[in-house]
Amino acid sequence: MPVYEYRCRACGARTEEVQPMGAGPPGPCPECGGELRRVYGPVGIRFSGWGFNRTDSLVPEDRPRKDFKRLREKAEEIAES
């Protein structure tokens with residue numbers, strides 16, 4: 001089961017709860033009895049494949065680059081056939 005972090009709207013106290021996915025807040029704040037709201041943190045993202053600035057910089061300059069616009073037009077032409 002995932003661990004969710006909650007923060008009290010009234011006093012700002014933070015707490016972590018182990019709950020099933022989709023469950024609501026565990027109840028009132030243990031510190032002051034205020035409303036708990038789920039805290040959302042940053043998400044890990046990995047960009048892979050070509051077309052992203054970071055991955056494009058890894059391609060040597062002497063290597064020919066693909067013309068993706070032309071490839072898309074060709075794919076549309078084939079799909080229409």
# chains A, B, ... in the order shown; residues from 1 in each chain; ligands from 1
$ residues_around --residues "Pro2 (chain A)" --least-positions-apart "6" --cutoff "7 Å" --atoms "only C-alpha atoms" --output "list in words"
Val18, Gln19, Pro20 and Met21 of chain A
$ atom_distance --atom1 "CA of Gly33 (chain A)" --atom2 "CA of Val3 (chain A)"
21.0 Å
$ closest_residue --among "A:Glu73, A:Glu17, A:Glu80, A:Glu5" --to "Val39 (chain A)" --atoms "only C-alpha atoms"
A:Glu5
